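Presented below is the structure to which this report refers.
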Amino acid sequence: MSNPPAGSERPGSSDDFGNAIPLTTKIANLVIAVVLIAIAASAIAATSDFPKSMLAADVGAARFPIIHSGALILLCLILIANTLRAPTAPAADGQARVGIAGYAGVALGMLATAACIAAMEHVGYGPATAVYMAVIMALMGQRSPVWNPVLAVGVTALVYGVFHYMLQVPLPVGSLFE
Amino acid sequence: MHELDLLMGGFATLASNPLALLLALVGVALGIVIGALPGLTATMGVAILLPFTFGMDPVSGLLMISGVFFGGVYGGSVTAILLRIPGTPAAAATAMDGFELTRKGMAGVALGTATLSSFLGGTASIIVLIFMAPILAGFALEFSAPESFALAVFGLSIIASISGRSVIKGLIAGFLGLLIATVGMDPMDGFPRFTGGYTELFNVPFIPVMIGLFAAAEAFKTLEDPKVRLGMAAALGRILPDWPTYRRMLGTVARSSGLGIVIGIIPGAGADIAAYVAYNEAKRFSRTPENYGKGELAGVAACEAGANGCTGGALLTMLTLGIPGDAVTAVMLGALTLQGLQPGPLLLKDHADLVFTLFAGMLFCYVAMLVIGLGSLRFMGRVLQMPKSVLTPVILVLCIVGTYAINNSLFDIGIMLAAGVAGYFMQKWDFPASPVVLALIMGPMAEANFRRALSLSGGSYDFLYTRPITVVLLSVAILTLLLPLVKRWRAHRMESRRPGATSPQNQA
């Protein structure tokens, strides 16, 4: 499952020149390209509301977003063309596949993070972070009824001490305790 | 030789002031911690410590701040290498190869190389600052809006070489980053663009995006594989690279340090730009460029030497011209003024003894950074001995708290989470994250300086081809952008012409 790192390349193995691509990657490429085209087109549409610059020599606030969006649309169209042109390869053997449980773990981790941010606004840093840590540890397979709470509270307190006392960074108190 | 005498005098003065040495040590140690924590940058560290220096003598106060500055730039590399959490924007470049080395069980050598290269780059920059300050200060004055625009374009052209398997996907990530970089206040008229009415978006939320794309995305990825959840993160291995290995990197370190010093001198350009440019040049000059991005030790050395080389360059223009090279030196400018010193051409003349004592102290700070850095690596590396089931939640908590610390804003944590989710899917489908970060650094610089240059030239585009530095930088940028494409096209042609060659299968 490990992806090739940024900057890695094998001569002739790039995605750019019509090499065979697995079906899942093809679908992902097409979906991402379409989503990005939609975002770029919306950005171009939004620039119509931008005012003209007060300086006669200036290109205005809209010029650069339009250039970037235009280039993004063009590149996405190239990606779509390359993807459609490339033959479909069977899924690579030897690559660990992520099952439903794996994706569920990731989704739950993301949801737990969102919940932690929402809870932090109301109950503050301490309770929200301690519970969040215990939940993520449980998701990672660490399910000790003793160690999970101890570690969660300990790490939360340590981080609080470093940021609040040592670095003078105030952490959220929570609207319920203000 | 006059400077050498003054420097020796500075060392003698410093030796008689043990408090200043102690505070320099404290500053370096604090800087490393601040740099290593996500969200906390050297600028923030210097700003936090500034009030504590009010009651100190100028040498002690300024050395403590310098220690935080130097330690902060270096400290970012520790978590970037060990955990793929870039503590500072410059460390995002280090993370590209540093974390790959950790995956290979070579975290110790990567950290040792980063420490040695940071020390060499930083020390070289201070030596240049001592002996060549008046000569190089004039170079900074040659840089106005057109040159800064060209430098930003050159920086952006690096996207092609850090794009991974697909240049198209790298460019898509880069232009997406450039589009995100336009969110916020328009640099000329102050018109809010794409902010949706949120005042939190008036400035580009660059650091939350960086933390999300790198650290949170990596943590989310760990959640997907049940086999690795309870395993150990990685082995640390040996700390120092063997001498023949490091000797081969000395040329890269020297080149990167030089680039860092020059970029540091340019007002508005900082360690982040220096790290990426140094990385790109190291890859360009390498005999094995294909190893970059897969865990190349020279890539780590280049980024760290470049980033720390910037420190002396940034101090140079601040001390000799009163122009801060980056945000940290802007805060340091305030510290100097508070101590009754007026940075500018007369500083070296009127306060030569004090300034050269500071220079001696800065060299001491770098030695202290080397000793503290190497001495603590084994301890810091113990983080890798933690089970992933504990390490991943700790990383996520640090991402949340570090992001919050930037502006005391929960909104920023939301942005970090969104970037983390996007980064997870980008990793999954081979869209590299580094071009987005690079675009977020360079995009605002390119736009602001282009529009400023255009306004200054009365709407004429002549500045693009009439100014020598601009022409050179733009030409190099075009070459940097096109060369990887041409190389890949040629490699593909050779591959397809080979008799019996089959299309290599693409990996998602």
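By convention in this document, the chains of the structure tokens carry letters A, B, ... by their order, each chain's residues are numbered from 1, and ligands are numbered from 1 in the order they are shown.
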
Original post:
Quick one: residues within 10 Å of Phe131 of chain B, only C-alpha atoms counted, chain neighbours fewer than 2 positions away excluded, as a ChimeraX atom specification?
Top reply: /B:1-4,7,126-129,133-136

Subject >> Surrounding residues of Ala43 of chain A excluding itself and chain neighbours under 6 positions, 12 Å, only C-alpha atoms, as a list in words >> reply: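 Everything that qualifies: Leu36, Ile37, Asp49, Phe50, Ala62, Arg63, Phe64, Pro65, Ile66, Ile67, His68, Ser69, Gly70, Leu72 and Ile73 of chain A; Leu176, Leu179, Ile180, Thr182, Val183, Arg193, Phe194, Thr195 and Gly196 of chain B.
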
Can I get the selection written as a compact mmCIF listing (two decimals), in the first residue's frame, with N, CA and C atoms?
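The resulting file, result_32.txt, is shown below:
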# COMPACT_ATOMS: atom_id res chain seq x y z
N LEU A 36 -11.46 18.99 -9.49
CA LEU A 36 -10.58 20.16 -9.56
C LEU A 36 -11.02 21.13 -10.65
N ILE A 37 -11.49 20.60 -11.78
CA ILE A 37 -11.99 21.48 -12.85
C ILE A 37 -13.18 22.29 -12.32
N ASP A 49 -16.71 39.06 -9.50
CA ASP A 49 -17.15 40.03 -8.48
C ASP A 49 -15.99 40.88 -7.96
N PHE A 50 -14.77 40.54 -8.35
CA PHE A 50 -13.64 41.29 -7.82
C PHE A 50 -13.59 42.70 -8.44
N ALA A 62 -8.10 39.90 -9.82
CA ALA A 62 -8.64 38.69 -10.45
C ALA A 62 -7.62 37.98 -11.34
N ARG A 63 -6.60 38.70 -11.82
CA ARG A 63 -5.74 38.15 -12.86
C ARG A 63 -5.04 36.84 -12.44
N PHE A 64 -4.40 36.86 -11.28
CA PHE A 64 -3.64 35.66 -10.88
C PHE A 64 -4.53 34.45 -10.59
N PRO A 65 -5.65 34.63 -9.85
CA PRO A 65 -6.53 33.47 -9.68
C PRO A 65 -7.02 32.90 -11.01
N ILE A 66 -7.27 33.79 -12.00
CA ILE A 66 -7.74 33.29 -13.31
C ILE A 66 -6.63 32.50 -14.00
N ILE A 67 -5.39 33.03 -13.93
CA ILE A 67 -4.26 32.31 -14.56
C ILE A 67 -4.08 30.94 -13.90
N HIS A 68 -4.06 30.92 -12.56
CA HIS A 68 -3.86 29.64 -11.86
C HIS A 68 -4.99 28.66 -12.15
N SER A 69 -6.23 29.18 -12.14
CA SER A 69 -7.38 28.30 -12.40
C SER A 69 -7.35 27.78 -13.83
N GLY A 70 -7.01 28.66 -14.78
CA GLY A 70 -6.94 28.26 -16.18
C GLY A 70 -5.90 27.16 -16.37
N LEU A 72 -4.82 25.13 -14.08
CA LEU A 72 -5.30 23.94 -13.39
C LEU A 72 -6.29 23.17 -14.27
N ILE A 73 -7.19 23.89 -14.93
CA ILE A 73 -8.17 23.24 -15.82
C ILE A 73 -7.44 22.54 -16.97
N LEU B 176 -2.85 23.95 -7.83
CA LEU B 176 -3.88 23.97 -6.77
C LEU B 176 -3.35 24.78 -5.58
N LEU B 179 -3.52 28.40 -6.41
CA LEU B 179 -4.90 28.91 -6.31
C LEU B 179 -5.26 29.12 -4.84
N ILE B 180 -4.87 28.16 -3.98
CA ILE B 180 -5.13 28.32 -2.54
C ILE B 180 -4.38 29.54 -2.00
N THR B 182 -3.98 32.27 -3.32
CA THR B 182 -4.64 33.55 -3.61
C THR B 182 -5.78 33.84 -2.63
N VAL B 183 -6.09 32.86 -1.78
CA VAL B 183 -7.13 33.10 -0.76
C VAL B 183 -6.60 34.13 0.23
N ARG B 193 -10.18 37.96 -1.09
CA ARG B 193 -10.51 37.05 -2.19
C ARG B 193 -10.86 35.66 -1.64
N PHE B 194 -11.92 35.08 -2.10
CA PHE B 194 -12.34 33.70 -1.77
C PHE B 194 -12.39 33.44 -0.25
N THR B 195 -12.71 34.44 0.53
CA THR B 195 -12.69 34.24 1.99
C THR B 195 -14.06 33.82 2.52
N GLY B 196 -15.11 33.98 1.72
CA GLY B 196 -16.45 33.59 2.15
C GLY B 196 -16.90 34.36 3.40

Subject >> One-decimal distance in Å that lies between atom CA of Ile159 of chain B and atom CA of Ala181 of chain B >> reply: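 Distance reported for this atom pair: 15.2 Å.
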
Original post:
Counting only C-alpha atoms, what is within 8 Å of segment 164-175 of chain A, bar same-chain residues fewer than 2 positions away, as a PyMOL selection string?
Top reply: (chain A and resi 120-125+160-162+177-178) or (chain B and resi 48+401+404-405+408)

**OP:** Apply DSSP to the structure's backbone, then extract all residues of segment 40-155 of chain A labelled helix (DSSP H, G or I) and return them as a PyMOL selection string.
**Re:** chain A and resi 40-49+63-85+100-123+125-139+147-155

**OP:** Find the distance between atom CA of Thr222 of chain B and atom CA of Arg238 of chain B and write it in Å to one decimal.
**Re:**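 Calculated distance between atom CA of Thr222 of chain B and atom CA of Arg238 of chain B is 25.3 Å.
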
**OP:** Using only C-alpha atoms, find the one residue out of A:Gly102, A:Asn82, A:Cys76, A:Ala40 that sits nearest to Gly141 of chain A.
**Re:**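 Of the candidates, the smallest distance to Gly141 of chain A is held by A:Gly102.
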
Subject >> atom CA of Ala446 of chain B to atom CA of Leu316 of chain B, straight-line distance in Å >> reply: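 Straight-line distance from atom CA of Leu316 of chain B to atom CA of Ala446 of chain B works out to 23.6 Å.
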
Subject >> Surrounding residues of segment 146-151 of chain A excluding itself and chain neighbours under 6 positions, 8 Å, only C-alpha atoms, as an MDAnalysis selection string >> reply: chainID A and resid 130 134 137:138

How about saving the chosen residues, all heavy atoms kept, as a PDB file, in the first residue's frame?
ATOM      1  N   ALA A 130      -8.089  14.463  25.899  1.00  0.00           N
ATOM      2  CA  ALA A 130      -7.896  13.186  26.600  1.00  0.00           C
ATOM      3  C   ALA A 130      -8.804  12.109  26.009  1.00  0.00           C
ATOM      4  O   ALA A 130      -8.355  10.981  25.725  1.00  0.00           O
ATOM      5  CB  ALA A 130      -8.168  13.365  28.088  1.00  0.00           C
ATOM      6  N   ALA A 134      -7.704   8.728  23.779  1.00  0.00           N
ATOM      7  CA  ALA A 134      -8.129   7.374  24.159  1.00  0.00           C
ATOM      8  C   ALA A 134      -8.847   6.700  22.990  1.00  0.00           C
ATOM      9  O   ALA A 134      -8.636   5.503  22.723  1.00  0.00           O
ATOM     10  CB  ALA A 134      -9.037   7.449  25.383  1.00  0.00           C
ATOM     11  N   MET A 137      -6.308   5.722  20.310  1.00  0.00           N
ATOM     12  CA  MET A 137      -5.552   4.541  20.764  1.00  0.00           C
ATOM     13  C   MET A 137      -6.392   3.280  20.602  1.00  0.00           C
ATOM     14  O   MET A 137      -5.886   2.235  20.181  1.00  0.00           O
ATOM     15  CB  MET A 137      -5.113   4.719  22.224  1.00  0.00           C
ATOM     16  CG  MET A 137      -3.839   5.534  22.358  1.00  0.00           C
ATOM     17  SD  MET A 137      -3.099   5.398  23.972  1.00  0.00           S
ATOM     18  CE  MET A 137      -4.119   6.469  24.907  1.00  0.00           C
ATOM     19  N   ALA A 138      -7.681   3.392  20.940  1.00  0.00           N
ATOM     20  CA  ALA A 138      -8.569   2.232  20.792  1.00  0.00           C
ATOM     21  C   ALA A 138      -8.675   1.840  19.316  1.00  0.00           C
ATOM     22  O   ALA A 138      -8.646   0.655  18.964  1.00  0.00           O
ATOM     23  CB  ALA A 138      -9.939   2.548  21.359  1.00  0.00           C
TER      24      ALA A 138
END

**OP:** Identify which of the residues B:Pro58, B:Gly75, B:Ser125, B:Asp5 lies closest to Met362 of chain B, counting only C-alpha atoms when measuring atom-to-atom distances.
**Re:**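 For Met362 of chain B, the nearest of the candidates is B:Ser125.
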
**OP:** Choose the residue, out of B:Leu338, B:Ala95, B:Leu370, B:Val328, that has the smallest atom-to-atom separation from chain A; count only C-alpha atoms.
**Re:**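 Smallest separation from chain A among the options: B:Ala95.
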
**OP:** Would you mind listing what lies within 10 Å of Leu456 of chain B as a VMD selection string, with only C-alpha atoms counted and same-chain residues fewer than 5 positions away left out?
**Re:** (chain A and resid 57 to 58) or (chain B and resid 145 to 146 450 to 451 463)

Name all residues at most 10 Å from Asp189 of chain B (count only C-alpha atoms; drop same-chain ones fewer than 3 positions away) and give them as a PDB file with all heavy atoms, in the first residue's frame.
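Below is the file part.pdb, written as the result:
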ATOM      1  N   PRO A  51     -13.313  43.706  -7.623  1.00  0.00           N
ATOM      2  CA  PRO A  51     -13.278  45.066  -8.189  1.00  0.00           C
ATOM      3  C   PRO A  51     -12.019  45.285  -9.028  1.00  0.00           C
ATOM      4  O   PRO A  51     -11.021  44.587  -8.851  1.00  0.00           O
ATOM      5  CB  PRO A  51     -13.245  45.946  -6.938  1.00  0.00           C
ATOM      6  CG  PRO A  51     -12.649  45.098  -5.884  1.00  0.00           C
ATOM      7  CD  PRO A  51     -13.028  43.692  -6.180  1.00  0.00           C
ATOM      8  N   LYS A  52     -12.091  46.256  -9.926  1.00  0.00           N
ATOM      9  CA  LYS A  52     -10.909  46.621 -10.728  1.00  0.00           C
ATOM     10  C   LYS A  52      -9.918  47.340  -9.825  1.00  0.00           C
ATOM     11  O   LYS A  52     -10.315  48.020  -8.867  1.00  0.00           O
ATOM     12  CB  LYS A  52     -11.332  47.550 -11.871  1.00  0.00           C
ATOM     13  CG  LYS A  52     -11.996  46.824 -13.022  1.00  0.00           C
ATOM     14  CD  LYS A  52     -11.636  47.517 -14.337  1.00  0.00           C
ATOM     15  CE  LYS A  52     -11.716  46.639 -15.542  1.00  0.00           C
ATOM     16  NZ  LYS A  52     -12.879  45.824 -15.692  1.00  0.00           N
ATOM     17  N   SER A  53      -8.652  47.207 -10.140  1.00  0.00           N
ATOM     18  CA  SER A  53      -7.631  47.848  -9.301  1.00  0.00           C
ATOM     19  C   SER A  53      -7.712  49.371  -9.419  1.00  0.00           C
ATOM     20  O   SER A  53      -8.064  49.910 -10.473  1.00  0.00           O
ATOM     21  CB  SER A  53      -6.249  47.379  -9.725  1.00  0.00           C
ATOM     22  OG  SER A  53      -5.279  48.023  -8.955  1.00  0.00           O
ATOM     23  N   MET A  54      -7.392  50.039  -8.316  1.00  0.00           N
ATOM     24  CA  MET A  54      -7.393  51.506  -8.342  1.00  0.00           C
ATOM     25  C   MET A  54      -6.157  52.047  -9.065  1.00  0.00           C
ATOM     26  O   MET A  54      -6.119  53.199  -9.451  1.00  0.00           O
ATOM     27  CB  MET A  54      -7.451  52.042  -6.912  1.00  0.00           C
ATOM     28  CG  MET A  54      -8.842  51.889  -6.300  1.00  0.00           C
ATOM     29  SD  MET A  54      -8.920  52.454  -4.621  1.00  0.00           S
ATOM     30  CE  MET A  54      -8.193  51.130  -3.718  1.00  0.00           C
ATOM     31  N   LEU A  55      -5.143  51.181  -9.222  1.00  0.00           N
ATOM     32  CA  LEU A  55      -3.931  51.606  -9.930  1.00  0.00           C
ATOM     33  C   LEU A  55      -4.078  51.264 -11.410  1.00  0.00           C
ATOM     34  O   LEU A  55      -4.409  50.128 -11.754  1.00  0.00           O
ATOM     35  CB  LEU A  55      -2.697  50.878  -9.368  1.00  0.00           C
ATOM     36  CG  LEU A  55      -2.350  51.183  -7.911  1.00  0.00           C
ATOM     37  CD1 LEU A  55      -1.371  50.129  -7.382  1.00  0.00           C
ATOM     38  CD2 LEU A  55      -1.731  52.567  -7.801  1.00  0.00           C
ATOM     39  N   ASP A  58      -1.870  48.321 -12.640  1.00  0.00           N
ATOM     40  CA  ASP A  58      -1.986  47.021 -11.971  1.00  0.00           C
ATOM     41  C   ASP A  58      -2.929  46.104 -12.750  1.00  0.00           C
ATOM     42  O   ASP A  58      -3.881  46.578 -13.381  1.00  0.00           O
ATOM     43  CB  ASP A  58      -2.498  47.243 -10.534  1.00  0.00           C
ATOM     44  CG  ASP A  58      -2.502  45.948  -9.735  1.00  0.00           C
ATOM     45  OD1 ASP A  58      -1.746  45.031 -10.105  1.00  0.00           O
ATOM     46  OD2 ASP A  58      -3.260  45.864  -8.759  1.00  0.00           O
ATOM     47  N   GLY A  60      -4.851  43.851 -11.383  1.00  0.00           N
ATOM     48  CA  GLY A  60      -6.063  43.622 -10.607  1.00  0.00           C
ATOM     49  C   GLY A  60      -6.055  42.331  -9.821  1.00  0.00           C
ATOM     50  O   GLY A  60      -5.222  41.445 -10.049  1.00  0.00           O
ATOM     51  N   ALA A  61      -7.020  42.245  -8.894  1.00  0.00           N
ATOM     52  CA  ALA A  61      -7.060  41.102  -7.964  1.00  0.00           C
ATOM     53  C   ALA A  61      -7.438  39.791  -8.649  1.00  0.00           C
ATOM     54  O   ALA A  61      -7.135  38.713  -8.150  1.00  0.00           O
ATOM     55  CB  ALA A  61      -8.051  41.405  -6.847  1.00  0.00           C
TER      56      ALA A  61
ATOM     57  N   MET B 185      -6.255  38.393   1.583  1.00  0.00           N
ATOM     58  CA  MET B 185      -6.214  39.786   1.114  1.00  0.00           C
ATOM     59  C   MET B 185      -5.368  39.924  -0.150  1.00  0.00           C
ATOM     60  O   MET B 185      -4.244  39.430  -0.201  1.00  0.00           O
ATOM     61  CB  MET B 185      -5.611  40.675   2.199  1.00  0.00           C
ATOM     62  CG  MET B 185      -6.367  40.643   3.506  1.00  0.00           C
ATOM     63  SD  MET B 185      -7.875  41.572   3.447  1.00  0.00           S
ATOM     64  CE  MET B 185      -7.311  43.091   4.149  1.00  0.00           C
ATOM     65  N   ASP B 186      -5.920  40.614  -1.137  1.00  0.00           N
ATOM     66  CA  ASP B 186      -5.181  40.926  -2.347  1.00  0.00           C
ATOM     67  C   ASP B 186      -3.973  41.804  -1.976  1.00  0.00           C
ATOM     68  O   ASP B 186      -4.115  42.764  -1.218  1.00  0.00           O
ATOM     69  CB  ASP B 186      -6.158  41.669  -3.276  1.00  0.00           C
ATOM     70  CG  ASP B 186      -5.460  42.449  -4.347  1.00  0.00           C
ATOM     71  OD1 ASP B 186      -4.548  41.902  -4.942  1.00  0.00           O
ATOM     72  OD2 ASP B 186      -5.840  43.610  -4.566  1.00  0.00           O
ATOM     73  N   PRO B 192     -10.526  41.289  -0.082  1.00  0.00           N
ATOM     74  CA  PRO B 192     -10.527  39.880   0.351  1.00  0.00           C
ATOM     75  C   PRO B 192     -11.016  38.939  -0.761  1.00  0.00           C
ATOM     76  O   PRO B 192     -12.111  39.116  -1.278  1.00  0.00           O
ATOM     77  CB  PRO B 192     -11.498  39.873   1.540  1.00  0.00           C
ATOM     78  CG  PRO B 192     -12.326  41.096   1.389  1.00  0.00           C
ATOM     79  CD  PRO B 192     -11.585  42.076   0.547  1.00  0.00           C
TER      80      PRO B 192
END

Taking only residues of segment 116-174 of chain B that have an atom at most 12 Å from an atom of segment 77-81 of chain B, what is each one's shortest atom pair and its distance in Å to one decimal, using only C-alpha atoms, in chain and number order, as a Markdown table?
| residue | atom | partner | partner_atom | distance |
| --- | --- | --- | --- | --- |
| B:Leu116 | CA | B:Ser77 | CA | 12.0 |
| B:Ser117 | CA | B:Ser77 | CA | 11.2 |
| B:Ser118 | CA | B:Ser77 | CA | 9.5 |

**OP:** Considering only C-alpha atoms, state which residue in the set A:Leu158, A:Met110, A:Ala115, A:Val31 is at the smallest distance from chain B.
**Re:** A:Met110

Near Leu23 of chain A, within 9 Å and counting only C-alpha atoms, which residues show up once chain neighbours fewer than 4 positions away are dropped, as a short mmCIF file (atom, residue, chain, number, x, y, z; two decimals) with N, CA, C and O atoms, in the first residue's frame?
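The resulting result.cif:
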data_model
loop_
_atom_site.label_atom_id
_atom_site.label_comp_id
_atom_site.auth_asym_id
_atom_site.auth_seq_id
_atom_site.Cartn_x
_atom_site.Cartn_y
_atom_site.Cartn_z
N ILE A 27 -10.06 5.55 -12.27
CA ILE A 27 -11.29 6.17 -11.76
C ILE A 27 -10.94 7.35 -10.85
O ILE A 27 -11.52 8.44 -10.98
N ALA A 28 -9.93 7.13 -9.97
CA ALA A 28 -9.54 8.21 -9.04
C ALA A 28 -9.04 9.42 -9.81
O ALA A 28 -9.41 10.56 -9.51
N THR A 88 -5.62 -0.24 -19.52
CA THR A 88 -5.92 -0.59 -18.12
C THR A 88 -5.06 -1.78 -17.71
O THR A 88 -5.01 -2.79 -18.40
N ALA A 89 -4.39 -1.62 -16.57
CA ALA A 89 -3.54 -2.70 -16.06
C ALA A 89 -4.28 -3.44 -14.96
O ALA A 89 -5.11 -2.85 -14.26
N PRO A 90 -3.98 -4.74 -14.79
CA PRO A 90 -4.59 -5.43 -13.64
C PRO A 90 -3.99 -4.86 -12.36
O PRO A 90 -2.86 -4.34 -12.38
N ALA A 91 -4.71 -4.95 -11.26
CA ALA A 91 -4.20 -4.45 -9.97
C ALA A 91 -2.89 -5.15 -9.66
O ALA A 91 -2.75 -6.35 -9.85
#

Original post:
Which one is closest to chain A: B:Glu142, B:Asp57, B:Asp242, B:Glu290? Count only C-alpha atoms.
Top reply: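 Distance minimum relative to chain A lands on B:Glu290.
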
Subject >> Distance criterion (only C-alpha atoms): nearest to chain B out of A:Leu30, A:Ala119, A:Ala81, A:Val98 >> reply: A:Val98
